[in-house]
There are 2 protein chains.
Amino acid sequence: MKTEMNIGLLGLGVVATGVVEMLAIQKHKIEKQTGVTLNLSKVLVLDKAEKQALAAEHGFELVTELKEITEDPTIDIVIELIGRISPAKDYILAALRHKKHVVTANKDLIAQHGEELIQVAKDHHVGFYYEASVAGGIPILRSLATSYMADHITSIQGIVNGTTNYMLTKMVEEKMDYATALAKAQALGFAESDPTNDVDGIDAAYKMIILGAFAFGKSLTINDLSIEGIRRLDLADIFSAQSLGYEVKLVGEVKQTSAGISASVGPVLLPKEHPLATVKNENNGVYIESRGIGKSMLYGPGAGALPTATSVLADLIEIAKQSQGAQLYPPFNELKEELPLAPKETIVNHYYLSVHLAETMASQDKVNAYLDDQKQAIAFSKIEETDRLILLLKTVTEEQLQEQLSFVAQFGEVQSVLRIMGEIDEN
Amino acid sequence: MKTEMNIGLLGLGVVATGVVEMLAIQKHKIEKQTGVTLNLSKVLVLDKAEKQALAAEHGFELVTELKEITEDPTIDIVIELIGRISPAKDYILAALRHKKHVVTANKDLIAQHGEELIQVAKDHHVGFYYEASVAGGIPILRSLATSYMADHITSIQGIVNGTTNYMLTKMVEEKMDYATALAKAQALGFAESDPTNDVDGIDAAYKMIILGAFAFGKSLTINDLSIEGIRRLDLADIFSAQSLGYEVKLVGEVKQTSAGISASVGPVLLPKEHPLATVKNENNGVYIESRGIGKSMLYGPGAGALPTATSVLADLIEIAKQSQGAQLYPPFNELKEELPLAPKETIVNHYYLSVHLAETMASQDKVNAYLDDQKQAIAFSKIEETDRLILLLKTVTEEQLQEQLSFVAQFGEVQSVLRIMGEIDEN
């Protein structure tokens, strides 16, 4: 039963500085709630010189060697905020093996090496929490691990990448093209100089892997997901989708079908009434369908220093609380199920297709014959600006989609194939 | 360290039947997660005859005397789902005094007698949880008690009454008047035959009292809130508000100002971009502003058998989990702060006013003189259909509002005074 716990912090970037600030603001509240005083005692940095002022202000020691933290017996908790896999993974392993509780915001690491780290934490009877790794300030992982544990989730959909959601919002609201929106996101610090992980859906995929583990107890690897980014998105399609009642968003989904778990990240058409369709700018939203609650959503900032720092603090509070009781430190996510991946051929989706018609007038009859012939698959069609054919396909398998694509390829170039999430209104 | 816990259920209405169903569905998952098998052993009903089939199907015993549950040493947990204050309060007190953990969905009871019950639970070292008492299936109380504990909340706003939100949605989307919308809500079972508590904002006020305790640690009583319902809402005002970019919703708010805590329930104008403005039909939403996370929202069904039952199950899981550790059963809400109520004269708001002009043409000059004279308080004005004056007042105290009302009373009858939540766009 500790009344004081000392913290070693790895890294002192934007989020870590947020943790320093939030800890200072919330120290008394945490003390009062948990009976534990949390002291930030050491911070690992590369260069002590530039952080002296912050260290003096908050009374922590700057160190440049990991072992000054991991081998310090007075330190109880290590917060890892340096990011990436190496050396973060080794640092966390060292901390866990020295029986330090660990808190991290490192989604890449949890998504790729989570199971190994969780096992090491378990072996050493310490807590290992990572609320901040998904959707920044939104308390989604703890909600899944507690409240939603009472429920049976059937699907979880998320706008979990703030950079691309910001870009898509700008593209729609200010008719900005992809390159301008990306430049603006970079200027505001939302997108990194190499935006690959964001715009190609990799970042969202890592987060969906973590969400899938909490929602279904399923261990997914990145190869289990079908992943598409927003690079090839055309502004014309976004506006066509809008005129049909949809918003285009980069959405990750993990769902349970009768054939198993299916997981994807990609730009999709969401009906405007879908709660995720209202999530704008750099915000994130996680939408859950379940047998008990039905349809629910958690919404908030997906990134940023203070929101992410608040999630780190929530994990610290969990550790402080557990230290007052039986010191059980159960795994953050206790759900584990043996669920198969749904075979690709069992997955059906609705799709939005746009086709640039080659010979507008000449091909009209052929197009009409096709539309008539395939009307079972085609929920809606229209021709925009005389040479853009827009089609909504209903409940088709991947194979049926390919078949339709080969049909329409006769009429011109297929510009976009986008999944529709939710129902198609055929009127 | 128990591996089996027996449950006594008080009441077998709609929500209680949902609990019976969800427990059957989730039994194995709960067992696996918590190591505890939850058995529903007895259910208290008024009349055994009509529930025999359900009892036989699920293998529980029907009883008609409370003591058959409270005095049964094999029963560990009592779930109260009979509602209202009496006899629910006495039943819960009896259960707690017999050292049974208690789970309830009874918002009236928690809002009015929560402190007393919480103290009795504490004295007897048992758990007392009531997630289902606010916003049905939305896991808001547990999120506030855990994740948001790391944050400093500055305001909490909620659409927490599904009945009135359903009615307002119908009024807007189908141009239904108040009476027709109410009849429709009653026909669908959302509103009770006596809808007073819903339409007059009392139900929402009780929920805001509970939210205020979790968000600020402040004990509010119903008299601390300014409460207004939707009975007097005029369809014309709803549409005028819409044309100005607002949705009209019944919103409860508890916020911290420099002068203290201020709490209210009333129909307000929400800017269409406000996350709560998108909450439709019988759904609920709780929107939180805080120093760390910033702006976040939890959204979902505010009522219904299965959603509410799922929240009850989440409480059961909490009890089962705690029984495996140090059996601490801390109060559900541990936050307690000595905060004053903000004096009424310190509270400033923006307002929407509509006035039916008495003598359209004759008074025009007087109206213009007033608008010109008071332009500091008036953010926007327009005259609709020649005889409806619409005003938006900016940052006025209650006293200043009354002053403006006495001015405009010269020109005709004031039809509506509605608070605006959020900023006024003066363009």
# chains A, B, ... in the order shown; residues from 1 in each chain; ligands from 1
>>> interface_residues(of="chain B", to="chain A", cutoff="9 Å", atoms="only C-alpha atoms", output="JSON, numbers by chain")
{"B": [18, 22, 23, 25, 26, 29, 30, 32, 33, 136, 137, 138, 139, 142, 143, 146, 147, 148, 149, 150, 151, 152, 273, 275, 278, 279, 291, 292, 293, 294, 295, 296, 297, 298, 299, 300, 301, 304, 305, 306, 307, 308, 309, 310, 311, 312, 313, 314, 315, 316, 317, 318, 324, 325, 326, 327, 328, 334, 335]}
>>> residues_around(residues="His350 in chain B", least_positions_apart="5", cutoff="6 Å", atoms="only C-alpha atoms", output="PDB file with all heavy atoms, in the first residue's frame")
ATOM      1  N   LEU B 393     -29.612  38.189 -28.104  1.00  0.00           N
ATOM      2  CA  LEU B 393     -28.944  39.029 -27.115  1.00  0.00           C
ATOM      3  C   LEU B 393     -27.622  38.376 -26.711  1.00  0.00           C
ATOM      4  O   LEU B 393     -27.564  37.166 -26.501  1.00  0.00           O
ATOM      5  CB  LEU B 393     -29.807  39.189 -25.864  1.00  0.00           C
ATOM      6  CG  LEU B 393     -31.191  39.815 -26.050  1.00  0.00           C
ATOM      7  CD1 LEU B 393     -31.910  39.881 -24.707  1.00  0.00           C
ATOM      8  CD2 LEU B 393     -31.061  41.215 -26.656  1.00  0.00           C
ATOM      9  N   LYS B 394     -26.606  39.209 -26.564  1.00  0.00           N
ATOM     10  CA  LYS B 394     -25.269  38.670 -26.328  1.00  0.00           C
ATOM     11  C   LYS B 394     -24.783  38.981 -24.913  1.00  0.00           C
ATOM     12  O   LYS B 394     -24.816  40.139 -24.491  1.00  0.00           O
ATOM     13  CB  LYS B 394     -24.324  39.301 -27.349  1.00  0.00           C
ATOM     14  CG  LYS B 394     -23.022  38.567 -27.423  1.00  0.00           C
ATOM     15  CD  LYS B 394     -22.235  38.946 -28.638  1.00  0.00           C
ATOM     16  CE  LYS B 394     -20.951  38.148 -28.663  1.00  0.00           C
ATOM     17  NZ  LYS B 394     -20.243  38.290 -29.896  1.00  0.00           N
ATOM     18  N   THR B 395     -24.317  37.929 -24.212  1.00  0.00           N
ATOM     19  CA  THR B 395     -23.645  38.072 -22.918  1.00  0.00           C
ATOM     20  C   THR B 395     -24.410  39.001 -21.971  1.00  0.00           C
ATOM     21  O   THR B 395     -23.913  40.046 -21.566  1.00  0.00           O
ATOM     22  CB  THR B 395     -22.212  38.612 -23.121  1.00  0.00           C
ATOM     23  OG1 THR B 395     -21.669  38.044 -24.310  1.00  0.00           O
ATOM     24  CG2 THR B 395     -21.304  38.257 -21.962  1.00  0.00           C
ATOM     25  N   ARG B 419     -32.389  30.231 -24.232  1.00  0.00           N
ATOM     26  CA  ARG B 419     -30.958  30.410 -24.078  1.00  0.00           C
ATOM     27  C   ARG B 419     -30.222  29.882 -25.309  1.00  0.00           C
ATOM     28  O   ARG B 419     -30.649  28.899 -25.927  1.00  0.00           O
ATOM     29  CB  ARG B 419     -30.500  29.627 -22.842  1.00  0.00           C
ATOM     30  CG  ARG B 419     -29.132  29.999 -22.409  1.00  0.00           C
ATOM     31  CD  ARG B 419     -28.726  29.202 -21.179  1.00  0.00           C
ATOM     32  NE  ARG B 419     -27.306  28.958 -21.305  1.00  0.00           N
ATOM     33  CZ  ARG B 419     -26.653  28.013 -20.675  1.00  0.00           C
ATOM     34  NH1 ARG B 419     -27.284  27.192 -19.861  1.00  0.00           N
ATOM     35  NH2 ARG B 419     -25.357  27.876 -20.852  1.00  0.00           N
ATOM     36  N   ILE B 420     -29.129  30.563 -25.676  1.00  0.00           N
ATOM     37  CA  ILE B 420     -28.265  30.056 -26.748  1.00  0.00           C
ATOM     38  C   ILE B 420     -27.021  29.467 -26.106  1.00  0.00           C
ATOM     39  O   ILE B 420     -26.368  30.123 -25.299  1.00  0.00           O
ATOM     40  CB  ILE B 420     -27.857  31.190 -27.714  1.00  0.00           C
ATOM     41  CG1 ILE B 420     -29.098  31.816 -28.355  1.00  0.00           C
ATOM     42  CG2 ILE B 420     -26.904  30.659 -28.793  1.00  0.00           C
ATOM     43  CD1 ILE B 420     -28.795  33.071 -29.158  1.00  0.00           C
TER      44      ILE B 420
END
>>> residues_around(residues="range 265-267 of chain A", least_positions_apart="2", cutoff="9 Å", atoms="only C-alpha atoms", output="PyMOL selection string")
chain A and resi 200-202+204-205+208+225-230+233+248-254+263+269+418-419
>>> select_by_dssp(residues="range 85-230 of chain B", states="strand (DSSP E)", output="JSON, numbers by chain")
{"B": [101, 102, 103, 104, 128, 129, 153, 154, 155, 156, 157, 158, 159, 225, 226, 227]}
>>> write_last_selection(atoms="N, CA, C and O atoms", output="mmCIF file, in the first residue's frame")
data_model
loop_
_atom_site.group_PDB
_atom_site.id
_atom_site.type_symbol
_atom_site.label_atom_id
_atom_site.label_comp_id
_atom_site.auth_asym_id
_atom_site.auth_seq_id
_atom_site.Cartn_x
_atom_site.Cartn_y
_atom_site.Cartn_z
ATOM 1 N N HIS B 101 -24.338 -6.364 -2.100
ATOM 2 C CA HIS B 101 -24.011 -5.337 -3.079
ATOM 3 C C HIS B 101 -25.292 -4.946 -3.790
ATOM 4 O O HIS B 101 -26.170 -5.788 -3.984
ATOM 5 N N VAL B 102 -25.389 -3.675 -4.173
ATOM 6 C CA VAL B 102 -26.618 -3.229 -4.840
ATOM 7 C C VAL B 102 -26.318 -2.542 -6.168
ATOM 8 O O VAL B 102 -25.379 -1.744 -6.270
ATOM 9 N N VAL B 103 -27.093 -2.883 -7.181
ATOM 10 C CA VAL B 103 -27.050 -2.212 -8.478
ATOM 11 C C VAL B 103 -28.449 -1.680 -8.753
ATOM 12 O O VAL B 103 -29.436 -2.396 -8.549
ATOM 13 N N THR B 104 -28.536 -0.414 -9.181
ATOM 14 C CA THR B 104 -29.857 0.152 -9.468
ATOM 15 C C THR B 104 -29.801 1.058 -10.694
ATOM 16 O O THR B 104 -28.725 1.545 -11.065
ATOM 17 N N PHE B 128 -21.988 -0.326 -4.451
ATOM 18 C CA PHE B 128 -23.283 0.276 -4.784
ATOM 19 C C PHE B 128 -23.093 1.057 -6.083
ATOM 20 O O PHE B 128 -22.422 2.079 -6.109
ATOM 21 N N TYR B 129 -23.647 0.532 -7.176
ATOM 22 C CA TYR B 129 -23.406 1.104 -8.495
ATOM 23 C C TYR B 129 -24.710 1.408 -9.215
ATOM 24 O O TYR B 129 -25.717 0.730 -8.989
ATOM 25 N N ILE B 153 -12.746 18.831 -15.567
ATOM 26 C CA ILE B 153 -13.938 19.165 -16.360
ATOM 27 C C ILE B 153 -14.380 20.588 -16.040
ATOM 28 O O ILE B 153 -14.379 21.005 -14.877
ATOM 29 N N THR B 154 -14.726 21.335 -17.084
ATOM 30 C CA THR B 154 -15.223 22.693 -16.853
ATOM 31 C C THR B 154 -16.730 22.797 -17.129
ATOM 32 O O THR B 154 -17.400 23.631 -16.547
ATOM 33 N N SER B 155 -17.243 21.964 -18.023
ATOM 34 C CA SER B 155 -18.697 21.922 -18.176
ATOM 35 C C SER B 155 -19.133 20.584 -18.744
ATOM 36 O O SER B 155 -18.390 19.915 -19.465
ATOM 37 N N ILE B 156 -20.349 20.206 -18.366
ATOM 38 C CA ILE B 156 -20.929 18.965 -18.889
ATOM 39 C C ILE B 156 -22.345 19.301 -19.344
ATOM 40 O O ILE B 156 -23.111 19.917 -18.608
ATOM 41 N N GLN B 157 -22.620 18.997 -20.596
ATOM 42 C CA GLN B 157 -23.926 19.297 -21.177
ATOM 43 C C GLN B 157 -24.517 17.993 -21.682
ATOM 44 O O GLN B 157 -23.806 17.196 -22.275
ATOM 45 N N GLY B 158 -25.797 17.810 -21.449
ATOM 46 C CA GLY B 158 -26.362 16.544 -21.876
ATOM 47 C C GLY B 158 -27.750 16.635 -22.452
ATOM 48 O O GLY B 158 -28.593 17.393 -21.967
ATOM 49 N N ILE B 159 -27.959 15.887 -23.533
ATOM 50 C CA ILE B 159 -29.312 15.543 -23.952
ATOM 51 C C ILE B 159 -29.561 14.213 -23.272
ATOM 52 O O ILE B 159 -29.045 13.181 -23.705
ATOM 53 N N LEU B 225 -31.057 23.942 -9.440
ATOM 54 C CA LEU B 225 -31.078 24.046 -10.897
ATOM 55 C C LEU B 225 -32.185 24.982 -11.361
ATOM 56 O O LEU B 225 -33.274 24.988 -10.789
ATOM 57 N N SER B 226 -31.900 25.762 -12.385
ATOM 58 C CA SER B 226 -32.991 26.462 -13.053
ATOM 59 C C SER B 226 -33.532 25.486 -14.103
ATOM 60 O O SER B 226 -32.775 24.976 -14.936
ATOM 61 N N ILE B 227 -34.813 25.185 -14.028
ATOM 62 C CA ILE B 227 -35.391 24.108 -14.849
ATOM 63 C C ILE B 227 -36.562 24.619 -15.681
ATOM 64 O O ILE B 227 -37.466 25.260 -15.151
#
>>> atom_distance(atom1="CA of Ala236 in chain B", atom2="CA of Ala277 in chain A")
28.6 Å
>>> decode(residues="range 165-303 of chain B", atoms="C-alpha atoms", output="JSON list (two decimals), in the first residue's frame")
[["chain", "number", "residue", "atom", "x", "y", "z"],
["B", 165, "ASN", "CA", -35.45, 14.63, -27.80],
["B", 166, "TYR", "CA", -37.64, 12.30, -29.82],
["B", 167, "MET", "CA", -40.48, 14.84, -29.70],
["B", 168, "LEU", "CA", -38.23, 17.73, -30.76],
["B", 169, "THR", "CA", -36.82, 15.67, -33.63],
["B", 170, "LYS", "CA", -40.33, 14.92, -34.88],
["B", 171, "MET", "CA", -41.39, 18.55, -34.47],
["B", 172, "VAL", "CA", -38.47, 19.68, -36.65],
["B", 173, "GLU", "CA", -38.35, 16.91, -39.22],
["B", 174, "GLU", "CA", -42.06, 16.37, -39.68],
["B", 175, "LYS", "CA", -43.30, 19.83, -38.69],
["B", 176, "MET", "CA", -45.37, 18.13, -36.00],
["B", 177, "ASP", "CA", -46.83, 20.28, -33.25],
["B", 178, "TYR", "CA", -46.12, 19.61, -29.59],
["B", 179, "ALA", "CA", -49.32, 17.69, -28.85],
["B", 180, "THR", "CA", -48.99, 15.38, -31.86],
["B", 181, "ALA", "CA", -45.32, 14.70, -31.08],
["B", 182, "LEU", "CA", -46.20, 13.87, -27.48],
["B", 183, "ALA", "CA", -48.98, 11.52, -28.55],
["B", 184, "LYS", "CA", -46.56, 9.78, -30.93],
["B", 185, "ALA", "CA", -43.92, 9.42, -28.18],
["B", 186, "GLN", "CA", -46.58, 7.94, -25.90],
["B", 187, "ALA", "CA", -47.78, 5.53, -28.59],
["B", 188, "LEU", "CA", -44.19, 4.29, -29.03],
["B", 189, "GLY", "CA", -43.74, 3.83, -25.29],
["B", 190, "PHE", "CA", -41.08, 6.55, -24.96],
["B", 191, "ALA", "CA", -43.33, 8.81, -22.89],
["B", 192, "GLU", "CA", -45.42, 7.68, -19.96],
["B", 193, "SER", "CA", -49.14, 8.40, -19.72],
["B", 194, "ASP", "CA", -48.22, 11.22, -17.33],
["B", 195, "PRO", "CA", -45.33, 12.82, -19.21],
["B", 196, "THR", "CA", -44.78, 15.62, -16.65],
["B", 197, "ASN", "CA", -41.30, 14.56, -15.53],
["B", 198, "ASP", "CA", -40.08, 14.30, -19.10],
["B", 199, "VAL", "CA", -41.60, 17.39, -20.73],
["B", 200, "ASP", "CA", -41.04, 19.65, -17.72],
["B", 201, "GLY", "CA", -37.34, 18.80, -17.53],
["B", 202, "ILE", "CA", -37.50, 17.09, -14.11],
["B", 203, "ASP", "CA", -36.16, 13.77, -15.39],
["B", 204, "ALA", "CA", -33.27, 15.57, -17.10],
["B", 205, "ALA", "CA", -32.63, 17.57, -13.92],
["B", 206, "TYR", "CA", -32.24, 14.41, -11.83],
["B", 207, "LYS", "CA", -29.74, 13.07, -14.33],
["B", 208, "MET", "CA", -27.80, 16.34, -14.36],
["B", 209, "ILE", "CA", -27.60, 16.19, -10.55],
["B", 210, "ILE", "CA", -25.93, 12.79, -10.82],
["B", 211, "LEU", "CA", -23.64, 13.97, -13.64],
["B", 212, "GLY", "CA", -22.72, 17.05, -11.59],
["B", 213, "ALA", "CA", -21.65, 14.84, -8.69],
["B", 214, "PHE", "CA", -19.40, 12.76, -10.96],
["B", 215, "ALA", "CA", -18.00, 15.68, -12.96],
["B", 216, "PHE", "CA", -17.45, 18.19, -10.18],
["B", 217, "GLY", "CA", -17.90, 16.35, -6.89],
["B", 218, "LYS", "CA", -20.70, 18.81, -6.14],
["B", 219, "SER", "CA", -23.90, 17.74, -4.37],
["B", 220, "LEU", "CA", -26.73, 19.53, -6.10],
["B", 221, "THR", "CA", -30.38, 19.39, -5.11],
["B", 222, "ILE", "CA", -33.22, 19.97, -7.52],
["B", 223, "ASN", "CA", -33.72, 23.52, -6.21],
["B", 224, "ASP", "CA", -30.16, 24.42, -7.23],
["B", 225, "LEU", "CA", -31.08, 24.05, -10.90],
["B", 226, "SER", "CA", -32.99, 26.46, -13.05],
["B", 227, "ILE", "CA", -35.39, 24.11, -14.85],
["B", 228, "GLU", "CA", -37.61, 24.68, -17.83],
["B", 229, "GLY", "CA", -39.40, 22.14, -19.97],
["B", 230, "ILE", "CA", -40.56, 22.08, -23.58],
["B", 231, "ARG", "CA", -44.31, 22.55, -23.11],
["B", 232, "ARG", "CA", -44.26, 26.16, -24.22],
["B", 233, "LEU", "CA", -41.97, 25.68, -27.21],
["B", 234, "ASP", "CA", -43.37, 27.17, -30.37],
["B", 235, "LEU", "CA", -42.77, 25.49, -33.72],
["B", 236, "ALA", "CA", -42.24, 28.95, -35.28],
["B", 237, "ASP", "CA", -39.30, 29.58, -32.96],
["B", 238, "ILE", "CA", -37.76, 26.21, -33.76],
["B", 239, "PHE", "CA", -37.82, 27.10, -37.46],
["B", 240, "SER", "CA", -36.58, 30.66, -36.91],
["B", 241, "ALA", "CA", -33.70, 29.19, -34.87],
["B", 242, "GLN", "CA", -32.97, 26.76, -37.68],
["B", 243, "SER", "CA", -32.79, 29.55, -40.24],
["B", 244, "LEU", "CA", -30.20, 31.22, -37.99],
["B", 245, "GLY", "CA", -28.07, 28.04, -37.86],
["B", 246, "TYR", "CA", -29.31, 26.52, -34.60],
["B", 247, "GLU", "CA", -31.09, 23.38, -33.48],
["B", 248, "VAL", "CA", -33.45, 23.56, -30.51],
["B", 249, "LYS", "CA", -32.78, 20.82, -27.95],
["B", 250, "LEU", "CA", -33.63, 20.20, -24.31],
["B", 251, "VAL", "CA", -30.18, 20.39, -22.75],
["B", 252, "GLY", "CA", -29.02, 20.04, -19.18],
["B", 253, "GLU", "CA", -25.83, 21.76, -18.16],
["B", 254, "VAL", "CA", -23.62, 21.85, -15.09],
["B", 255, "LYS", "CA", -20.65, 24.14, -15.42],
["B", 256, "GLN", "CA", -17.94, 25.65, -13.31],
["B", 257, "THR", "CA", -17.50, 29.39, -13.55],
["B", 258, "SER", "CA", -15.13, 31.54, -11.52],
["B", 259, "ALA", "CA", -18.09, 32.31, -9.26],
["B", 260, "GLY", "CA", -19.01, 28.69, -8.70],
["B", 261, "ILE", "CA", -21.18, 25.91, -10.09],
["B", 262, "SER", "CA", -24.19, 26.75, -12.20],
["B", 263, "ALA", "CA", -26.74, 24.15, -13.27],
["B", 264, "SER", "CA", -29.76, 24.27, -15.53],
["B", 265, "VAL", "CA", -32.11, 22.32, -17.75],
["B", 266, "GLY", "CA", -34.01, 23.99, -20.53],
["B", 267, "PRO", "CA", -34.72, 24.21, -24.23],
["B", 268, "VAL", "CA", -31.71, 25.90, -25.80],
["B", 269, "LEU", "CA", -30.43, 26.90, -29.21],
["B", 270, "LEU", "CA", -27.35, 24.86, -30.14],
["B", 271, "PRO", "CA", -25.20, 25.87, -33.13],
["B", 272, "LYS", "CA", -25.61, 23.16, -35.78],
["B", 273, "GLU", "CA", -21.88, 22.30, -35.52],
["B", 274, "HIS", "CA", -22.26, 21.53, -31.80],
["B", 275, "PRO", "CA", -21.90, 17.75, -31.37],
["B", 276, "LEU", "CA", -25.13, 17.62, -29.34],
["B", 277, "ALA", "CA", -27.02, 19.24, -32.23],
["B", 278, "THR", "CA", -26.60, 15.99, -34.18],
["B", 279, "VAL", "CA", -28.21, 13.82, -31.48],
["B", 280, "LYS", "CA", -31.60, 12.80, -32.86],
["B", 281, "ASN", "CA", -34.71, 10.86, -31.92],
["B", 282, "GLU", "CA", -34.66, 8.99, -28.61],
["B", 283, "ASN", "CA", -30.87, 9.05, -28.42],
["B", 284, "ASN", "CA", -28.87, 10.73, -25.69],
["B", 285, "GLY", "CA", -25.54, 12.52, -25.78],
["B", 286, "VAL", "CA", -23.27, 13.83, -23.06],
["B", 287, "TYR", "CA", -20.81, 16.51, -24.14],
["B", 288, "ILE", "CA", -17.88, 17.37, -21.91],
["B", 289, "GLU", "CA", -15.51, 20.31, -21.97],
["B", 290, "SER", "CA", -12.34, 19.84, -20.00],
["B", 291, "ARG", "CA", -8.85, 21.26, -19.67],
["B", 292, "GLY", "CA", -7.07, 18.12, -20.83],
["B", 293, "ILE", "CA", -9.18, 16.34, -23.41],
["B", 294, "GLY", "CA", -10.89, 19.49, -24.62],
["B", 295, "LYS", "CA", -14.22, 18.66, -26.24],
["B", 296, "SER", "CA", -15.57, 15.16, -26.21],
["B", 297, "MET", "CA", -18.92, 13.42, -26.38],
["B", 298, "LEU", "CA", -20.46, 10.07, -25.59],
["B", 299, "TYR", "CA", -23.49, 9.19, -27.66],
["B", 300, "GLY", "CA", -25.98, 6.35, -27.62],
["B", 301, "PRO", "CA", -29.45, 5.11, -26.67],
["B", 302, "GLY", "CA", -30.75, 6.82, -23.53],
["B", 303, "ALA", "CA", -33.32, 4.21, -22.70]]
